[in-house]
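Listing of work20.cif, mmCIF, C-alpha atoms
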```
data_work
#
loop_
_atom_site.label_atom_id
_atom_site.label_comp_id
_atom_site.auth_asym_id
_atom_site.auth_seq_id
_atom_site.Cartn_x
_atom_site.Cartn_y
_atom_site.Cartn_z
CA MET A 1 -94.92 99.71 28.63
CA PRO A 2 -98.04 98.36 30.29
CA SER A 3 -98.35 98.31 34.05
CA ALA A 4 -96.58 95.49 35.87
CA LEU A 5 -99.70 94.79 37.93
CA THR A 6 -100.12 91.15 38.74
CA THR A 7 -103.13 88.92 38.82
CA PRO A 8 -103.51 85.46 40.32
CA ARG A 9 -103.32 82.61 37.86
CA LEU A 10 -103.79 78.92 38.55
CA PHE A 11 -101.31 76.83 36.57
CA GLN A 12 -103.08 74.00 34.77
CA GLU A 13 -101.89 71.54 32.18
CA GLU A 14 -102.61 72.68 28.63
CA PRO A 15 -101.59 69.72 26.39
CA LEU A 16 -101.93 71.71 23.17
CA TYR A 17 -98.80 73.68 24.12
CA ALA A 18 -96.82 70.62 25.22
CA GLY A 19 -97.59 68.30 22.33
CA ALA A 20 -95.79 67.62 19.10
CA PRO A 21 -95.91 70.26 16.39
CA SER A 22 -99.20 70.07 14.54
CA THR A 23 -101.42 72.52 12.74
CA SER A 24 -103.43 73.20 15.89
CA SER A 25 -100.46 73.42 18.28
CA ASP A 26 -98.51 75.70 15.94
CA VAL A 27 -101.53 78.00 15.61
CA ALA A 28 -101.88 78.08 19.41
CA TRP A 29 -98.21 79.04 19.85
CA GLU A 30 -98.42 81.65 17.08
CA THR A 31 -101.44 83.33 18.71
CA LEU A 32 -99.24 84.07 21.73
CA ILE A 33 -97.15 86.38 19.56
CA PRO A 34 -98.70 89.71 18.52
CA LYS A 35 -98.61 91.03 14.99
CA GLY A 36 -95.10 92.35 14.42
CA ARG A 37 -93.54 89.27 16.11
CA GLY A 38 -92.86 91.18 19.35
CA PHE A 39 -90.73 93.88 17.73
CA VAL A 40 -91.61 97.48 18.59
CA GLN A 41 -90.48 100.97 17.69
CA VAL A 42 -90.56 103.25 20.74
CA ASN A 43 -88.93 106.35 22.13
CA ILE A 44 -86.73 105.67 25.16
CA SER A 45 -85.02 108.61 26.86
CA GLY A 46 -85.62 110.82 23.81
CA ARG A 47 -84.17 108.25 21.40
CA GLN A 48 -86.33 106.44 18.86
CA GLY A 49 -85.30 102.81 18.47
CA ARG A 50 -86.39 99.32 17.51
CA TYR A 51 -86.57 96.66 20.19
CA CYS A 52 -87.93 93.18 20.86
CA VAL A 53 -90.13 92.64 23.93
CA SER A 54 -88.33 89.99 25.95
CA ALA A 55 -91.42 87.90 26.75
CA PHE A 56 -91.97 87.26 23.04
CA HIS A 57 -88.29 86.48 22.45
CA GLN A 58 -88.56 83.96 25.30
CA LEU A 59 -91.66 82.35 23.80
CA HIS A 60 -89.93 82.19 20.42
CA CYS A 61 -86.99 80.35 22.03
CA LEU A 62 -89.26 77.94 23.87
CA ASP A 63 -91.11 77.11 20.64
CA MET A 64 -87.77 76.55 18.88
CA LEU A 65 -86.83 74.07 21.61
CA ARG A 66 -90.25 72.39 21.31
CA HIS A 67 -89.75 71.91 17.58
CA GLY A 68 -86.17 70.74 18.10
CA TYR A 69 -87.17 68.26 20.79
CA TYR A 70 -89.86 66.64 18.68
CA ALA A 71 -87.55 66.61 15.65
CA ALA A 72 -84.75 64.96 17.63
CA THR A 73 -86.99 62.35 19.22
CA ASN A 74 -88.88 61.75 15.98
CA LEU A 75 -92.15 61.94 17.97
CA GLY A 76 -93.66 64.76 15.96
CA ARG A 77 -94.10 64.67 12.21
CA ARG A 78 -95.87 67.42 10.38
CA LYS A 79 -94.21 69.85 8.03
CA HIS A 80 -90.81 68.18 8.03
CA ASP A 81 -89.34 64.78 7.35
CA TYR A 82 -87.22 64.27 10.46
CA THR A 83 -85.70 61.03 9.25
CA SER A 84 -82.44 62.30 7.72
CA ALA A 85 -79.57 63.61 9.85
CA ASP A 86 -79.28 66.67 7.59
CA THR A 87 -82.97 67.53 8.04
CA LEU A 88 -82.67 67.05 11.79
CA ARG A 89 -79.67 69.42 11.94
CA ARG A 90 -81.56 72.07 9.95
CA SER A 91 -84.59 71.82 12.26
CA LEU A 92 -82.44 72.26 15.37
CA HIS A 93 -80.47 75.33 14.16
CA ASP A 94 -77.54 74.49 16.46
CA ASP A 95 -76.37 78.02 17.33
CA HIS A 96 -79.92 79.30 17.66
CA VAL A 97 -81.01 76.49 19.99
CA GLN A 98 -77.87 76.85 22.12
CA HIS A 99 -78.59 80.57 22.44
CA CYS A 100 -82.14 79.73 23.54
CA PHE A 101 -81.02 77.38 26.34
CA ASP A 102 -78.84 80.06 27.94
CA TYR A 103 -81.26 82.91 27.22
CA LEU A 104 -84.17 81.05 28.86
CA ARG A 105 -81.98 80.07 31.83
CA GLN A 106 -81.22 83.74 32.44
CA ALA A 107 -84.85 84.78 31.87
CA LEU A 108 -86.07 82.25 34.46
CA MET A 109 -83.47 83.40 36.96
CA CYS A 110 -84.42 87.02 36.31
CA SER A 111 -88.12 86.43 36.92
CA ALA A 112 -87.43 83.96 39.80
CA ASP A 113 -91.04 82.96 40.56
CA PRO A 114 -91.18 82.23 44.33
CA THR A 115 -94.49 80.29 44.19
CA LEU A 116 -94.45 77.19 46.40
CA GLU A 117 -95.53 74.08 44.48
CA LEU A 118 -96.85 71.07 46.37
CA ARG A 119 -94.73 67.94 46.09
CA ASN A 120 -96.51 64.99 44.52
CA ALA A 121 -95.38 61.85 46.39
CA SER A 122 -96.64 59.49 43.67
CA ILE A 123 -94.18 60.93 41.13
CA GLY A 124 -91.50 61.92 43.62
CA GLY A 125 -91.48 65.51 42.42
CA VAL A 126 -93.79 68.27 41.26
CA THR A 127 -96.02 68.88 38.24
CA GLY A 128 -96.66 72.53 39.09
CA TRP A 129 -100.34 72.10 38.20
CA GLY A 130 -102.80 73.46 40.70
CA SER A 131 -100.40 76.08 42.09
CA MET A 132 -101.58 79.69 42.24
CA HIS A 133 -99.06 82.19 40.85
CA GLN A 134 -99.02 85.99 40.70
CA CYS A 135 -98.62 86.75 37.00
CA ARG A 136 -98.14 89.91 35.00
CA ASP A 137 -100.96 90.83 32.64
CA PHE A 138 -99.82 89.02 29.48
CA GLY A 139 -102.82 90.21 27.47
CA ALA A 140 -101.96 93.84 28.22
CA LEU A 141 -98.37 93.23 27.10
CA GLN A 142 -99.59 91.66 23.85
CA LEU A 143 -101.84 94.66 23.15
CA TRP A 144 -99.13 97.23 23.95
CA THR A 145 -96.59 95.39 21.82
CA GLU A 146 -98.92 95.10 18.84
CA SER A 147 -99.91 98.77 19.08
CA ASN A 148 -96.20 99.75 19.01
CA ARG A 149 -95.07 97.29 16.33
CA TYR A 150 -93.03 98.51 13.40
CA SER A 151 -94.13 95.81 10.95
CA ASP A 152 -97.11 93.56 10.29
CA GLU A 153 -94.95 90.44 10.07
CA GLY A 154 -96.49 87.42 11.76
CA GLY A 155 -95.37 84.08 13.14
CA ILE A 156 -93.29 82.79 16.02
CA LEU A 157 -90.42 81.01 14.26
CA ASN A 158 -88.01 82.51 11.78
#
```

As structure tokens, the full file:
Amino acid sequence: MPSALTTPRLFQEEPLYAGAPSTSSDVAWETLIPKGRGFVQVNISGRQGRYCVSAFHQLHCLDMLRHGYYAATNLGRRKHDYTSADTLRRSLHDDHVQHCFDYLRQALMCSADPTLELRNASIGGVTGWGSMHQCRDFGALQLWTESNRYSDEGGILN
């Protein structure tokens, strides 16, 4: 695994990742996932095995929720016709989405970022933008994961 060294990163709004599914937003999300979809084959304690790198599982879940949200609210129309109840149910993958809610909850609690974010009085809360965080080197994790992949499969959703 790559070093867990951290680097400062200023959080800024990146609308492409927050917007409705589109060709450009889906490509942006998919570029976060290395070839092999985050699955690696490595030797741990003398035992060869296949694993998924958690960061890429987490991103997969978040993208599933993004697609489900826009399907449910009917705000995003691209590849799917979200008008029928049956189509909406298929896009949400009930068990899969429920898994993602709990999995991401636990992942956030595990990483527990202690960065202090300035309260914005005009909205009565925080946006998180403009706060400096100490982040792991995501690019190094992508490279390590791709170099240890066991397939050339691509994509973020399955």

(request) Considering only C-alpha atoms, state which residue in the set A:Leu104, A:Val42, A:Asp26, A:Gly49 is at the smallest distance from Leu62 (chain A). (result) A:Leu104

(request) Calculate how many Å separate CA of Cys110 (chain A) from CA of Ala72 (chain A), rounding to one decimal. (result) 28.9 Å

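Here CA of Phe11 (chain A) is placed at a distance of 9.7 Å from CA of Thr127 (chain A).
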
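Between CA of Glu146 (chain A) and CA of Pro34 (chain A) lies a distance of 5.4 Å.
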
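Closest to Arg50 (chain A) among A:Ile156, A:Arg149, A:Glu13, A:Pro2 is A:Arg149, based on all atoms listed in the file.
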
(request) Considering all atoms listed in the file, state which residue in the set A:Val97, A:Ala140, A:Arg66, A:Gly125 is at the smallest distance from Ser22 (chain A). (result) A:Arg66

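You can rank A:Lys35, A:His96, A:Arg47, A:His67 by their closest distance to Tyr17 (chain A) using all atoms listed in the file, and at the top of that list sits A:His67.
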
(request) Name the residues that the PyMOL selection byres ((chain A and resi 57-60) around 10) picks from the file above, as a list in words, using the file's chain letters and numbers. (result) Trp29, Glu30, Leu32, Ile33, Arg37, Gly38, Phe39, Cys52, Val53, Ser54, Ala55, Phe56, Cys61, Leu62, Asp63, Met64, Leu65, Arg66, Cys100, Tyr103, Leu104, Ala107, Leu108, Gly155, Ile156, Leu157 and Asn158 of chain A

(message) My list of candidates is A:Thr31, A:Ala20, A:Gln41, A:Ser25. Which is closest to Ala71 (chain A) when distances are computed with only C-alpha atoms?
(response) A:Ala20

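Nearest residue to Tyr150 (chain A), choosing from A:Pro15, A:Gly36, A:Gly124, A:Pro8 and counting all atoms listed in the file: A:Gly36.
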
(message) Excluding Glu14 (chain A) and its own-chain neighbours fewer than 4 positions away, which residues fall within 10 Å of it when counting all atoms listed in the file? Please give them as a ChimeraX atom specification.
(response) /A:18-19,129

Name the residues that the PyMOL selection byres ((chain A and resi 7) around 6) picks from the file above, as a PDB file with C-alpha atoms, keeping the file's coordinate frame, using the file's chain letters and numbers.
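Below is the file that was written, part_39.pdb:
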```
ATOM      1  CA  THR A   6    -100.120  91.150  38.740  1.00  0.00           C
ATOM      2  CA  PRO A   8    -103.510  85.460  40.320  1.00  0.00           C
ATOM      3  CA  GLN A 134     -99.020  85.990  40.700  1.00  0.00           C
ATOM      4  CA  CYS A 135     -98.620  86.750  37.000  1.00  0.00           C
TER       5      CYS A 135
END
```

Please, could N, CA, C and O atoms be added to region 98-113 of chain A and the result written as a CSV table (one decimal), keeping the file's coordinate frame?
```csv
chain,number,residue,atom,x,y,z
A,98,GLN,N,-78.8,76.7,21.0
A,98,GLN,CA,-77.9,76.8,22.1
A,98,GLN,C,-78.1,78.2,22.7
A,98,GLN,O,-78.1,78.3,24.0
A,99,HIS,N,-78.3,79.2,21.9
A,99,HIS,CA,-78.6,80.6,22.4
A,99,HIS,C,-79.8,80.5,23.3
A,99,HIS,O,-79.9,81.1,24.4
A,100,CYS,N,-80.9,79.8,22.8
A,100,CYS,CA,-82.1,79.7,23.5
A,100,CYS,C,-82.0,79.1,24.9
A,100,CYS,O,-82.6,79.5,25.9
A,101,PHE,N,-81.2,78.0,25.0
A,101,PHE,CA,-81.0,77.4,26.3
A,101,PHE,C,-80.5,78.4,27.3
A,101,PHE,O,-81.0,78.5,28.5
A,102,ASP,N,-79.4,79.1,27.0
A,102,ASP,CA,-78.8,80.1,27.9
A,102,ASP,C,-79.7,81.3,28.2
A,102,ASP,O,-79.9,81.8,29.3
A,103,TYR,N,-80.4,81.7,27.1
A,103,TYR,CA,-81.3,82.9,27.2
A,103,TYR,C,-82.4,82.6,28.2
A,103,TYR,O,-82.8,83.4,29.0
A,104,LEU,N,-83.0,81.4,28.0
A,104,LEU,CA,-84.2,81.0,28.9
A,104,LEU,C,-83.7,80.8,30.3
A,104,LEU,O,-84.4,81.1,31.2
A,105,ARG,N,-82.5,80.3,30.5
A,105,ARG,CA,-82.0,80.1,31.8
A,105,ARG,C,-81.9,81.4,32.5
A,105,ARG,O,-82.4,81.6,33.7
A,106,GLN,N,-81.3,82.4,31.8
A,106,GLN,CA,-81.2,83.7,32.4
A,106,GLN,C,-82.6,84.4,32.7
A,106,GLN,O,-82.8,85.1,33.7
A,107,ALA,N,-83.5,84.2,31.7
A,107,ALA,CA,-84.8,84.8,31.9
A,107,ALA,C,-85.6,84.2,33.1
A,107,ALA,O,-86.2,84.9,33.9
A,108,LEU,N,-85.4,82.9,33.3
A,108,LEU,CA,-86.1,82.2,34.5
A,108,LEU,C,-85.4,82.7,35.8
A,108,LEU,O,-86.1,83.0,36.7
A,109,MET,N,-84.1,82.9,35.8
A,109,MET,CA,-83.5,83.4,37.0
A,109,MET,C,-83.8,84.9,37.2
A,109,MET,O,-84.0,85.3,38.4
A,110,CYS,N,-84.0,85.6,36.2
A,110,CYS,CA,-84.4,87.0,36.3
A,110,CYS,C,-85.8,87.1,36.9
A,110,CYS,O,-86.1,88.0,37.8
A,111,SER,N,-86.7,86.3,36.4
A,111,SER,CA,-88.1,86.4,36.9
A,111,SER,C,-88.3,85.7,38.2
A,111,SER,O,-89.1,86.1,39.0
A,112,ALA,N,-87.5,84.7,38.5
A,112,ALA,CA,-87.4,84.0,39.8
A,112,ALA,C,-88.8,83.9,40.5
A,112,ALA,O,-89.0,84.4,41.6
A,113,ASP,N,-89.7,83.1,40.0
A,113,ASP,CA,-91.0,83.0,40.6
A,113,ASP,C,-90.9,82.2,41.9
A,113,ASP,O,-90.5,81.1,41.9
```
